[in-house]
Amino acid sequence: MDALAFLARVRNDRRYRDQIQHVHTLPSRPARYQMPRTAVPDALHAVLAAQGIEQLYEHQAGAYDTVREGRNVVISTGTASGKSLCYHLPVLAALLDDVEARALYLFPAKALSYDQLGSLERMISAAGLGERARPACYDGDTPQHRRAGIRRSANVILTNPDMLHVSVLPYHAKWAQFFAHLRYVVLDEIHTYRGIFGSHVAGVVRRLQRICRHYGADPTYVCCSATLGNPRQLAEQLVDRPVELIDDDASPRGQRHVVLWNPPLLGLRDEDEDAEDRVPGQGASALASRTRLSGGVTAPFEPDGPKASNPMLAAPIVPVRITRRNANVEAQRLMRRLLEEQAGTITFCKARVVAELIYTFTRDSLQRRRPDLARRIKPYRGGYLPNERREIERQLFTGELLGVCSTTALELGIDVGTLDASIVVGFPGTLCSLWQQIGRAGRRQDESLSIFIAYDDPVDQYLMRHPQFVFDQPLEHAIIDPDNPHIIAAQMSCAASEMSLSEDELDAFGVAAKDVASLLTDEDKLRHTAGRYYWASREFPATKTDLRTISDATYAIIDTTDGRNEVIGQVDSISAPELVYPEAVYLHQGESFLVRELDMPMRTARVERLDADYYTQPVLQDECRIVEQRLAGDCLGGGQRFFGDVSVKWQTIAFRKFKLFTQELIGQTALDLPAQQIDTTGVWLQPPPEAIEAVKDAGFKAYEGLSGAKNLLTVSLPPLAMCDRYDVGGVVNSSQLGVSVIILYDRYQGGLGYARHGYEYADELLKMAYALVSDCPCEDGCPGCVAPPNLRITIHHDPDLGQGYKIPSKTAALALLGRWVGS
């Protein structure tokens with residue numbers, strides 16, 4: 001596509017309001033080629049020729065040599081740089097050398113496994129290697145009647161860490177021949193192995209290594225990652241081995257234009273400008289009913305019922321305050337225009353509900369203008385059934401679909417064919433993820449366009465004002481915490497149930513492993529006999545440990561329309577009360593379903609199809625109490641920092657109804673659902689007395705400055721710790737210590753190292769919080785600086801709605817942080 005011509009047409013549109021803040025052009029670059037030092041079998045030359053590849057890129061040749069020489073490696077290069085060949089080629093070479101050789105591929109998503117299976121099968125077929133290379137996917141979707149045959153005959157197994165954890169390692173005796181001849185273990189997309197998932201995966205790999213040693217194998221590890229700040233460190237933490245790094249990307253790239261797009265401040269003309277895209281039935285009256293407040297607009301509402309009789313519902317709920325045009329609507333308009341110009345487009349959304357909403361908005365708009373295109377767009381997200389996901393992937397690859405609205409589920413390296421444009425709605429939390437999403441367009445050598453649309457959010461708005469942070473800032477470091485005692489307990493329990501643990505093997509599971517083993521012995525889960533630990537419980541520990549969440553079960557979402565009783569989706573048990581609460585509107589492939597019942601004992605949510613013109617969002621409340629201090633130190637301006645154990649409780653206390661498209665708030669209903677609680681870790685920061693006095697001297701109460709500072713610190717931690725916004729929380733605690741402190745905590749049982757990172761980098765955290773508020777051009781507080789951050793889990797919250805609570809004083813926050821950081 002001609003990206004600059006498209007942007008020129010956008011600028012000439014009557015509705016254009018200077019949304020384009022910055023355009024950065026990444027020049028095209030030629031490929032750099034190299035021949036491997038290690039001999040490449042003739043059959044592999046045939047494989048490459050069949051794909052039109054005459055030479056290997058330098059990083060591919062280097063990876064081939066490293067792996068064939070038996071050294072562990074991590075390849076960290078850009079999107080579409082040919083990383084899969086870095087492991088396919090040495091694995092195929094090993095199969096040609098040794099008929100007994102085996103390889104294990106681990107992918108973070110099932111879709112990636114099937115995508116790479118198709119690629120590998122095409123390579124094998126082209127070279128006539130069908131008798132030597134027998135790949136197969138082995139995951140939860142694999143039919144039971146095929147599994148025994150795969151175990152017997154397949155020599156390349158493609159699966160995911162979850163399946164390895166629950167269905168392979170516990171039954172290792174059935175895989176004895178496979179493990180005995182295992183030569184290579186591939187971990188692809190390791191940049192996704194961070195936080196609780198990555199910490200658990202590190203434990204699963206250690207269990208795999210025990211099993212391999214038992215059967216006499218010592219495989220080589222091949223890790224692949226998107227560009228990342230610490231790929232080697234992360235790989236070594238995951239595989240517990242020295243790893244060599246290859247990160248010089250030698251692949252070619254077409255010219256790419258990256259646009260930073262900031263929705264305009266709302267004005268009186270917005271009513272008329274919305275008319276062209278408005279969904280029928282949501283006319284100007286809905287927009288006209290809004291009343292103007294200082295610097296923004298609000299939607300009046302009357303609650304459907306009284307507040308829940310719950311002590312956690314202490315803060316008053318006030319109307320949502322919006323100062324900029326809806327980012328979702330901006331995305332819909334841009335996506336529609338790109339599709340009308342026949343540009344293959346992917347729109348990335350931070351939440352499942354947003355993917356469904358933008359799809360609905362775009363489809364309905366196209367239905368009135370270009371019905372032929374309305375049929376060529378689909379949503380894509382987690383929670384869909386496997387056959388639904390595979391069909392959408394197939395349609396994208398074949399070109400039947402021209403556009404897709406996706407969560408991060410398509411951020412990874414699934415081959416979806418050639419796309420001309422990508423739209424990123426809201427900063428995804430890390431620069432690494434942002435560049436992954438940007439890179440999904442122009443995956444060959446053609447010109448491409450990527451548009452990053454900002455939410456009215458502190459970090460998003462900071463990036464709009466400081467584009468150099470996007471284009472010049474070093475990428476973040478991925479953080480995992482294999483030493484989390486809860487993770488150690490879960491992984492050691494699984495390991496002991498697979499095969500008894502010797503005392504010497506405990507150290508591989510973390511520094512606290514011996515203490516955890518003693519605790520499990522005291523709880524009668526382990527039995528210590530003759531220097532070995534044996535599993536002593538009747539429980540099957542692998543099924544009790546979910547690698548990706550802090551919950552241990554999922555809820556089935558059942559469509560009961562007209563007596564159908566059909567499972568249409570699933571959600572983990574922690575998120576269920578925040579997604580499928582009674583009377584919630586559940587969105588699935590653009591269709592609305594009303595939740596009739598949430599049955600917690602049976603872990604089911606029963607829904608009925610509903611032609612709704614609104615959607616719902618949960619209202620949550622949390623509290624945090626300090627349990628024990630572990631570390632203490634000084635920070636900027638004479639302040640103090642602490643790290644330790646905290647207890648967090650949160651609860652879905654109500655839900656709100658919003659009109660589709662206009663987002664008019666039309667009601668709120670209280671809920672009576674049980675609270676959830678975790679014991680985790682936190683960092684608490686105590687401002688110097690002079691900073692508190694500065695707030696009072698400015699004419700405000702201390703809490704007004706602390707509240708705004710807490711919001712700023714909470715949104716500043718994720719970019720520093722490379723975690724999602726939804727992995728952390730923040731509160732002001734003025735009742736426990738005799739002084740006021742700001743607590744930032746991990747939203748996972750036992751903590752995952754994010755709060756510890758905040759403790760170690762407290763000065764940088766404070767400086768970033770001050771920069772966010774001091775650079776904001778608003779007069780006295782807005783969603784782009786001191787407003788309460790959206791900390792809800794990504795699967796169901798629309799970030800464009802904000803939290804709806806009172807925005808603290810910007811002046812008070814500036815006074816506090818300015819004195820604290822010494823500015």
# chains A, B, ... in the order shown; residues from 1 in each chain; ligands from 1
>>> closest_atom_pairs(of="region 427-483 of chain A", to="region 772-790 of chain A", cutoff="12 Å", atoms="only C-alpha atoms", output="tab-separated table")
residue	atom	partner	partner_atom	distance
A:Ala454	CA	A:Gly784	CA	9.9
A:Tyr455	CA	A:Gly784	CA	8.1
A:Asp456	CA	A:Gly784	CA	4.9
A:Asp457	CA	A:Gly784	CA	4.2
A:Pro458	CA	A:Gly784	CA	4.1
A:Val459	CA	A:Leu772	CA	7.2
A:Asp460	CA	A:Gly784	CA	7.6
A:Gln461	CA	A:Gly784	CA	5.7
A:Tyr462	CA	A:Leu772	CA	6.1
A:Leu463	CA	A:Leu772	CA	9.6
A:Met464	CA	A:Cys776	CA	10.5
A:Arg465	CA	A:Asp775	CA	8.0
A:His466	CA	A:Asp775	CA	9.4
>>> residues_around(residues="Leu401 (chain A)", least_positions_apart="3", cutoff="6 Å", atoms="only C-alpha atoms", output="ChimeraX atom specification")
/A:376-377,395-396
>>> select_by_dssp(residues="region 634-698 of chain A", states="helix (DSSP H, G or I)", output="PDB file with N, CA, C and O atoms, in the first residue's frame")
ATOM      1  N   LEU A 636      14.731   8.852  47.122  1.00  0.00           N
ATOM      2  CA  LEU A 636      14.917  10.266  46.791  1.00  0.00           C
ATOM      3  C   LEU A 636      14.324  11.198  47.846  1.00  0.00           C
ATOM      4  O   LEU A 636      13.308  10.902  48.474  1.00  0.00           O
ATOM      5  N   GLY A 637      14.964  12.350  47.995  1.00  0.00           N
ATOM      6  CA  GLY A 637      14.405  13.436  48.783  1.00  0.00           C
ATOM      7  C   GLY A 637      14.272  13.171  50.257  1.00  0.00           C
ATOM      8  O   GLY A 637      13.512  13.857  50.951  1.00  0.00           O
ATOM      9  N   GLY A 638      14.963  12.160  50.782  1.00  0.00           N
ATOM     10  CA  GLY A 638      14.830  11.832  52.194  1.00  0.00           C
ATOM     11  C   GLY A 638      13.659  10.923  52.490  1.00  0.00           C
ATOM     12  O   GLY A 638      13.325  10.689  53.662  1.00  0.00           O
ATOM     13  N   PRO A 689       8.713  14.107  55.244  1.00  0.00           N
ATOM     14  CA  PRO A 689       7.765  15.058  55.857  1.00  0.00           C
ATOM     15  C   PRO A 689       7.654  16.359  55.072  1.00  0.00           C
ATOM     16  O   PRO A 689       6.572  16.965  55.006  1.00  0.00           O
ATOM     17  N   GLU A 690       8.765  16.788  54.463  1.00  0.00           N
ATOM     18  CA  GLU A 690       8.731  18.047  53.703  1.00  0.00           C
ATOM     19  C   GLU A 690       7.782  17.957  52.506  1.00  0.00           C
ATOM     20  O   GLU A 690       7.180  18.963  52.111  1.00  0.00           O
ATOM     21  N   ALA A 691       7.649  16.759  51.923  1.00  0.00           N
ATOM     22  CA  ALA A 691       6.745  16.597  50.784  1.00  0.00           C
ATOM     23  C   ALA A 691       5.293  16.705  51.221  1.00  0.00           C
ATOM     24  O   ALA A 691       4.459  17.299  50.526  1.00  0.00           O
ATOM     25  N   ILE A 692       4.991  16.134  52.379  1.00  0.00           N
ATOM     26  CA  ILE A 692       3.636  16.262  52.923  1.00  0.00           C
ATOM     27  C   ILE A 692       3.328  17.726  53.241  1.00  0.00           C
ATOM     28  O   ILE A 692       2.228  18.235  52.963  1.00  0.00           O
ATOM     29  N   GLU A 693       4.300  18.428  53.799  1.00  0.00           N
ATOM     30  CA  GLU A 693       4.102  19.853  54.118  1.00  0.00           C
ATOM     31  C   GLU A 693       3.896  20.669  52.841  1.00  0.00           C
ATOM     32  O   GLU A 693       3.126  21.637  52.834  1.00  0.00           O
ATOM     33  N   ALA A 694       4.587  20.282  51.754  1.00  0.00           N
ATOM     34  CA  ALA A 694       4.418  21.009  50.490  1.00  0.00           C
ATOM     35  C   ALA A 694       2.984  20.900  49.986  1.00  0.00           C
ATOM     36  O   ALA A 694       2.445  21.861  49.417  1.00  0.00           O
ATOM     37  N   VAL A 695       2.358  19.752  50.196  1.00  0.00           N
ATOM     38  CA  VAL A 695       0.956  19.586  49.796  1.00  0.00           C
ATOM     39  C   VAL A 695       0.064  20.509  50.627  1.00  0.00           C
ATOM     40  O   VAL A 695      -0.828  21.189  50.095  1.00  0.00           O
ATOM     41  N   LYS A 696       0.308  20.536  51.915  1.00  0.00           N
ATOM     42  CA  LYS A 696      -0.507  21.396  52.797  1.00  0.00           C
ATOM     43  C   LYS A 696      -0.290  22.880  52.479  1.00  0.00           C
ATOM     44  O   LYS A 696      -1.234  23.676  52.516  1.00  0.00           O
ATOM     45  N   ASP A 697       0.961  23.233  52.183  1.00  0.00           N
ATOM     46  CA  ASP A 697       1.251  24.628  51.839  1.00  0.00           C
ATOM     47  C   ASP A 697       0.536  25.039  50.558  1.00  0.00           C
ATOM     48  O   ASP A 697       0.236  26.229  50.358  1.00  0.00           O
TER      49      ASP A 697
END
>>> atom_distance(atom1="CA of Arg37 (chain A)", atom2="CA of Gln60 (chain A)")
11.7 Å
>>> residues_around(residues="Ser199 (chain A)", least_positions_apart="3", cutoff="8 Å", atoms="only C-alpha atoms", output="PDB file with all heavy atoms, in the first residue's frame")
ATOM      1  N   TYR A 193       7.200 -15.730  28.113  1.00  0.00           N
ATOM      2  CA  TYR A 193       7.391 -16.483  29.352  1.00  0.00           C
ATOM      3  C   TYR A 193       7.905 -15.551  30.438  1.00  0.00           C
ATOM      4  O   TYR A 193       9.072 -15.595  30.829  1.00  0.00           O
ATOM      5  CB  TYR A 193       8.376 -17.630  29.131  1.00  0.00           C
ATOM      6  CG  TYR A 193       7.893 -18.693  28.175  1.00  0.00           C
ATOM      7  CD1 TYR A 193       8.784 -19.354  27.337  1.00  0.00           C
ATOM      8  CD2 TYR A 193       6.554 -19.043  28.100  1.00  0.00           C
ATOM      9  CE1 TYR A 193       8.358 -20.336  26.462  1.00  0.00           C
ATOM     10  CE2 TYR A 193       6.113 -20.020  27.219  1.00  0.00           C
ATOM     11  CZ  TYR A 193       7.020 -20.662  26.407  1.00  0.00           C
ATOM     12  OH  TYR A 193       6.585 -21.625  25.536  1.00  0.00           O
ATOM     13  N   ARG A 194       7.041 -14.701  30.906  1.00  0.00           N
ATOM     14  CA  ARG A 194       7.403 -13.800  31.989  1.00  0.00           C
ATOM     15  C   ARG A 194       6.286 -13.833  33.019  1.00  0.00           C
ATOM     16  O   ARG A 194       5.225 -14.386  32.794  1.00  0.00           O
ATOM     17  CB  ARG A 194       7.633 -12.383  31.470  1.00  0.00           C
ATOM     18  CG  ARG A 194       6.445 -11.728  30.790  1.00  0.00           C
ATOM     19  CD  ARG A 194       6.840 -10.339  30.287  1.00  0.00           C
ATOM     20  NE  ARG A 194       5.688  -9.526  29.924  1.00  0.00           N
ATOM     21  CZ  ARG A 194       5.220  -9.394  28.690  1.00  0.00           C
ATOM     22  NH1 ARG A 194       5.816 -10.030  27.693  1.00  0.00           N
ATOM     23  NH2 ARG A 194       4.172  -8.624  28.443  1.00  0.00           N
ATOM     24  N   GLY A 195       6.562 -13.257  34.181  1.00  0.00           N
ATOM     25  CA  GLY A 195       5.554 -13.263  35.226  1.00  0.00           C
ATOM     26  C   GLY A 195       5.272 -14.669  35.731  1.00  0.00           C
ATOM     27  O   GLY A 195       6.146 -15.533  35.768  1.00  0.00           O
ATOM     28  N   ILE A 196       4.043 -14.914  36.113  1.00  0.00           N
ATOM     29  CA  ILE A 196       3.690 -16.203  36.706  1.00  0.00           C
ATOM     30  C   ILE A 196       3.855 -17.335  35.699  1.00  0.00           C
ATOM     31  O   ILE A 196       4.301 -18.437  36.046  1.00  0.00           O
ATOM     32  CB  ILE A 196       2.247 -16.162  37.268  1.00  0.00           C
ATOM     33  CG1 ILE A 196       1.978 -17.407  38.122  1.00  0.00           C
ATOM     34  CG2 ILE A 196       1.213 -16.039  36.161  1.00  0.00           C
ATOM     35  CD1 ILE A 196       0.738 -17.310  38.962  1.00  0.00           C
ATOM     36  N   ALA A 202       9.772 -22.218  33.956  1.00  0.00           N
ATOM     37  CA  ALA A 202      11.124 -22.549  34.425  1.00  0.00           C
ATOM     38  C   ALA A 202      11.093 -23.812  35.280  1.00  0.00           C
ATOM     39  O   ALA A 202      11.981 -24.674  35.181  1.00  0.00           O
ATOM     40  CB  ALA A 202      11.708 -21.382  35.217  1.00  0.00           C
ATOM     41  N   GLY A 203      10.075 -23.953  36.123  1.00  0.00           N
ATOM     42  CA  GLY A 203       9.941 -25.161  36.927  1.00  0.00           C
ATOM     43  C   GLY A 203       9.629 -26.385  36.088  1.00  0.00           C
ATOM     44  O   GLY A 203      10.153 -27.481  36.345  1.00  0.00           O
ATOM     45  N   LEU A 238      15.242 -19.683  32.300  1.00  0.00           N
ATOM     46  CA  LEU A 238      14.252 -20.692  31.925  1.00  0.00           C
ATOM     47  C   LEU A 238      14.856 -22.091  31.850  1.00  0.00           C
ATOM     48  O   LEU A 238      14.259 -23.056  32.339  1.00  0.00           O
ATOM     49  CB  LEU A 238      13.616 -20.337  30.573  1.00  0.00           C
ATOM     50  CG  LEU A 238      12.659 -19.148  30.564  1.00  0.00           C
ATOM     51  CD1 LEU A 238      12.297 -18.765  29.134  1.00  0.00           C
ATOM     52  CD2 LEU A 238      11.388 -19.481  31.344  1.00  0.00           C
ATOM     53  N   ILE A 480      11.044 -12.946  35.642  1.00  0.00           N
ATOM     54  CA  ILE A 480      10.397 -14.129  36.191  1.00  0.00           C
ATOM     55  C   ILE A 480      10.959 -14.364  37.583  1.00  0.00           C
ATOM     56  O   ILE A 480      12.022 -13.833  37.935  1.00  0.00           O
ATOM     57  CB  ILE A 480      10.585 -15.384  35.319  1.00  0.00           C
ATOM     58  CG1 ILE A 480      12.060 -15.795  35.229  1.00  0.00           C
ATOM     59  CG2 ILE A 480      10.001 -15.173  33.938  1.00  0.00           C
ATOM     60  CD1 ILE A 480      12.274 -17.128  34.526  1.00  0.00           C
ATOM     61  N   ASP A 481      10.244 -15.143  38.381  1.00  0.00           N
ATOM     62  CA  ASP A 481      10.663 -15.395  39.750  1.00  0.00           C
ATOM     63  C   ASP A 481      10.511 -16.879  40.073  1.00  0.00           C
ATOM     64  O   ASP A 481       9.574 -17.278  40.764  1.00  0.00           O
ATOM     65  CB  ASP A 481       9.846 -14.543  40.718  1.00  0.00           C
ATOM     66  CG  ASP A 481      10.332 -14.670  42.166  1.00  0.00           C
ATOM     67  OD1 ASP A 481      11.456 -15.162  42.351  1.00  0.00           O
ATOM     68  OD2 ASP A 481       9.586 -14.282  43.080  1.00  0.00           O
ATOM     69  N   PRO A 482      11.425 -17.723  39.562  1.00  0.00           N
ATOM     70  CA  PRO A 482      11.330 -19.162  39.854  1.00  0.00           C
ATOM     71  C   PRO A 482      11.480 -19.470  41.340  1.00  0.00           C
ATOM     72  O   PRO A 482      11.147 -20.577  41.775  1.00  0.00           O
ATOM     73  CB  PRO A 482      12.486 -19.767  39.046  1.00  0.00           C
ATOM     74  CG  PRO A 482      12.870 -18.724  38.049  1.00  0.00           C
ATOM     75  CD  PRO A 482      12.566 -17.422  38.700  1.00  0.00           C
ATOM     76  N   ILE A 487       5.400 -21.181  43.784  1.00  0.00           N
ATOM     77  CA  ILE A 487       5.722 -21.855  42.522  1.00  0.00           C
ATOM     78  C   ILE A 487       6.644 -23.049  42.783  1.00  0.00           C
ATOM     79  O   ILE A 487       6.463 -24.128  42.206  1.00  0.00           O
ATOM     80  CB  ILE A 487       6.327 -20.862  41.529  1.00  0.00           C
ATOM     81  CG1 ILE A 487       5.246 -19.881  41.067  1.00  0.00           C
ATOM     82  CG2 ILE A 487       6.960 -21.579  40.331  1.00  0.00           C
ATOM     83  CD1 ILE A 487       5.729 -18.767  40.187  1.00  0.00           C
ATOM     84  N   LEU A 752       5.579 -11.976  42.317  1.00  0.00           N
ATOM     85  CA  LEU A 752       6.358 -12.443  41.166  1.00  0.00           C
ATOM     86  C   LEU A 752       7.592 -11.585  40.886  1.00  0.00           C
ATOM     87  O   LEU A 752       8.192 -11.704  39.842  1.00  0.00           O
ATOM     88  CB  LEU A 752       5.477 -12.480  39.917  1.00  0.00           C
ATOM     89  CG  LEU A 752       4.457 -13.611  39.883  1.00  0.00           C
ATOM     90  CD1 LEU A 752       3.548 -13.458  38.678  1.00  0.00           C
ATOM     91  CD2 LEU A 752       5.165 -14.951  39.837  1.00  0.00           C
TER      92      LEU A 752
END
>>> closest_atom_pairs(of="region 699-748 of chain A", to="region 753-769 of chain A", cutoff="7 Å", atoms="only C-alpha atoms", output="tab-separated table")
residue	atom	partner	partner_atom	distance
A:Leu712	CA	A:Ala769	CA	5.1
A:Leu713	CA	A:Ala769	CA	5.4
A:Ser716	CA	A:Ala769	CA	5.9
A:Leu717	CA	A:Leu765	CA	6.5
A:Ala721	CA	A:Tyr754	CA	5.8
A:Leu744	CA	A:Ala755	CA	6.4
A:Tyr745	CA	A:Ala755	CA	5.6
A:Asp746	CA	A:Ala755	CA	6.1
>>> write_last_selection(atoms="N, CA, C and O atoms", output="short mmCIF file (atom, residue, chain, number, x, y, z; two decimals), in the first residue's frame")
data_model
loop_
_atom_site.label_atom_id
_atom_site.label_comp_id
_atom_site.auth_asym_id
_atom_site.auth_seq_id
_atom_site.Cartn_x
_atom_site.Cartn_y
_atom_site.Cartn_z
N LEU A 712 -0.08 7.61 39.84
CA LEU A 712 1.05 7.78 38.93
C LEU A 712 2.11 6.70 39.13
O LEU A 712 2.66 6.17 38.16
N LEU A 713 2.38 6.35 40.36
CA LEU A 713 3.37 5.30 40.63
C LEU A 713 2.87 3.94 40.15
O LEU A 713 3.65 3.11 39.66
N SER A 716 3.45 3.73 36.55
CA SER A 716 4.87 3.82 36.19
C SER A 716 5.60 2.50 36.39
O SER A 716 6.61 2.24 35.73
N LEU A 717 5.12 1.66 37.30
CA LEU A 717 5.82 0.41 37.60
C LEU A 717 5.83 -0.58 36.43
O LEU A 717 6.89 -1.16 36.13
N ALA A 721 9.08 -2.72 35.10
CA ALA A 721 9.19 -4.13 35.48
C ALA A 721 8.78 -5.08 34.36
O ALA A 721 8.79 -6.28 34.55
N LEU A 744 2.52 -0.51 46.53
CA LEU A 744 2.35 -1.15 45.22
C LEU A 744 2.56 -2.64 45.41
O LEU A 744 3.56 -3.05 46.03
N TYR A 745 1.65 -3.46 44.90
CA TYR A 745 1.72 -4.89 45.18
C TYR A 745 1.52 -5.72 43.91
O TYR A 745 0.92 -5.27 42.94
N ASP A 746 2.06 -6.95 43.94
CA ASP A 746 1.84 -7.92 42.87
C ASP A 746 0.46 -8.55 43.04
O ASP A 746 0.09 -8.93 44.16
#
>>> closest_residue(among="A:Val646, A:Ile53, A:Cys624, A:Ile653", to="Glu578 (chain A)", atoms="only C-alpha atoms")
A:Ile653
>>> select_by_dssp(residues="region 513-759 of chain A", states="strand (DSSP E or B)", output="PyMOL selection string")
chain A and resi 526-529+532-535+554-559+566-572+585-588+591-599+604-609+614-634+640-659+665-670+676-686+728-733+741-746
>>> atom_distance(atom1="CA of Pro674 (chain A)", atom2="CA of Thr652 (chain A)")
8.0 Å
>>> residues_around(residues="Gly399 (chain A)", least_positions_apart="3", cutoff="12 Å", atoms="only C-alpha atoms", output="ChimeraX atom specification")
/A:342-345,376-377,392-396,402-404,415-419
>>> write_last_selection(atoms="C-alpha atoms", output="tab-separated table (two decimals), in the first residue's frame")
chain	number	residue	atom	x	y	z
A	342	GLN	CA	-8.38	-3.15	0.29
A	343	ALA	CA	-5.56	-2.96	2.82
A	344	GLY	CA	-5.27	-6.12	4.90
A	345	THR	CA	-5.51	-4.86	8.48
A	376	ARG	CA	-14.48	-10.22	5.46
A	377	ILE	CA	-13.77	-9.13	9.03
A	392	ILE	CA	-10.33	-17.74	11.59
A	393	GLU	CA	-6.58	-18.45	11.25
A	394	ARG	CA	-7.21	-20.39	8.04
A	395	GLN	CA	-9.36	-17.61	6.57
A	396	LEU	CA	-6.67	-15.04	7.38
A	402	LEU	CA	-9.28	-8.90	4.95
A	403	GLY	CA	-9.37	-7.70	8.56
A	404	VAL	CA	-9.30	-9.00	12.10
A	415	ASP	CA	1.46	-16.87	9.87
A	416	VAL	CA	-1.64	-14.92	8.92
A	417	GLY	CA	-0.50	-14.10	5.42
A	418	THR	CA	0.47	-10.66	4.20
A	419	LEU	CA	-1.04	-7.70	6.02
>>> residues_around(residues="Arg369 (chain A)", least_positions_apart="3", cutoff="12 Å", atoms="only C-alpha atoms", output="number ranges by chain")
A: 276-277, 336-337, 339-340, 362-366, 372-374
>>> residues_around(residues="Gln629 (chain A)", least_positions_apart="4", cutoff="12 Å", atoms="only C-alpha atoms", output="list in words")
Arg625, Gly633, Arg641, Phe642, Phe643, Gly644, Asp645, Val646, Thr681, Gly682, Val683, Trp684 and Leu737 of chain A
>>> residues_around(residues="Gln19 (chain A)", least_positions_apart="6", cutoff="7 Å", atoms="only C-alpha atoms", output="number ranges by chain")
A: 261-264
>>> closest_residue(among="A:Ala496, A:Thr192, A:Gln677, A:Leu334", to="Tyr16 (chain A)", atoms="only C-alpha atoms")
A:Leu334
>>> atom_distance(atom1="CA of Gly730 (chain A)", atom2="CA of Pro687 (chain A)")
15.3 Å
>>> closest_residue(among="A:Cys137, A:Tyr615, A:Leu594, A:Thr680", to="Val627 (chain A)", atoms="only C-alpha atoms")
A:Thr680
>>> closest_residue(among="A:Ile190, A:Leu92, A:Ala478, A:Leu817", to="Ala109 (chain A)", atoms="only C-alpha atoms")
A:Ile190
>>> closest_residue(among="A:Pro27, A:Arg207, A:Ala490, A:Glu505", to="Pro541 (chain A)", atoms="only C-alpha atoms")
A:Ala490
>>> closest_residue(among="A:Ile626, A:Ile451, A:Ala698, A:Met123", to="Ser84 (chain A)", atoms="only C-alpha atoms")
A:Met123
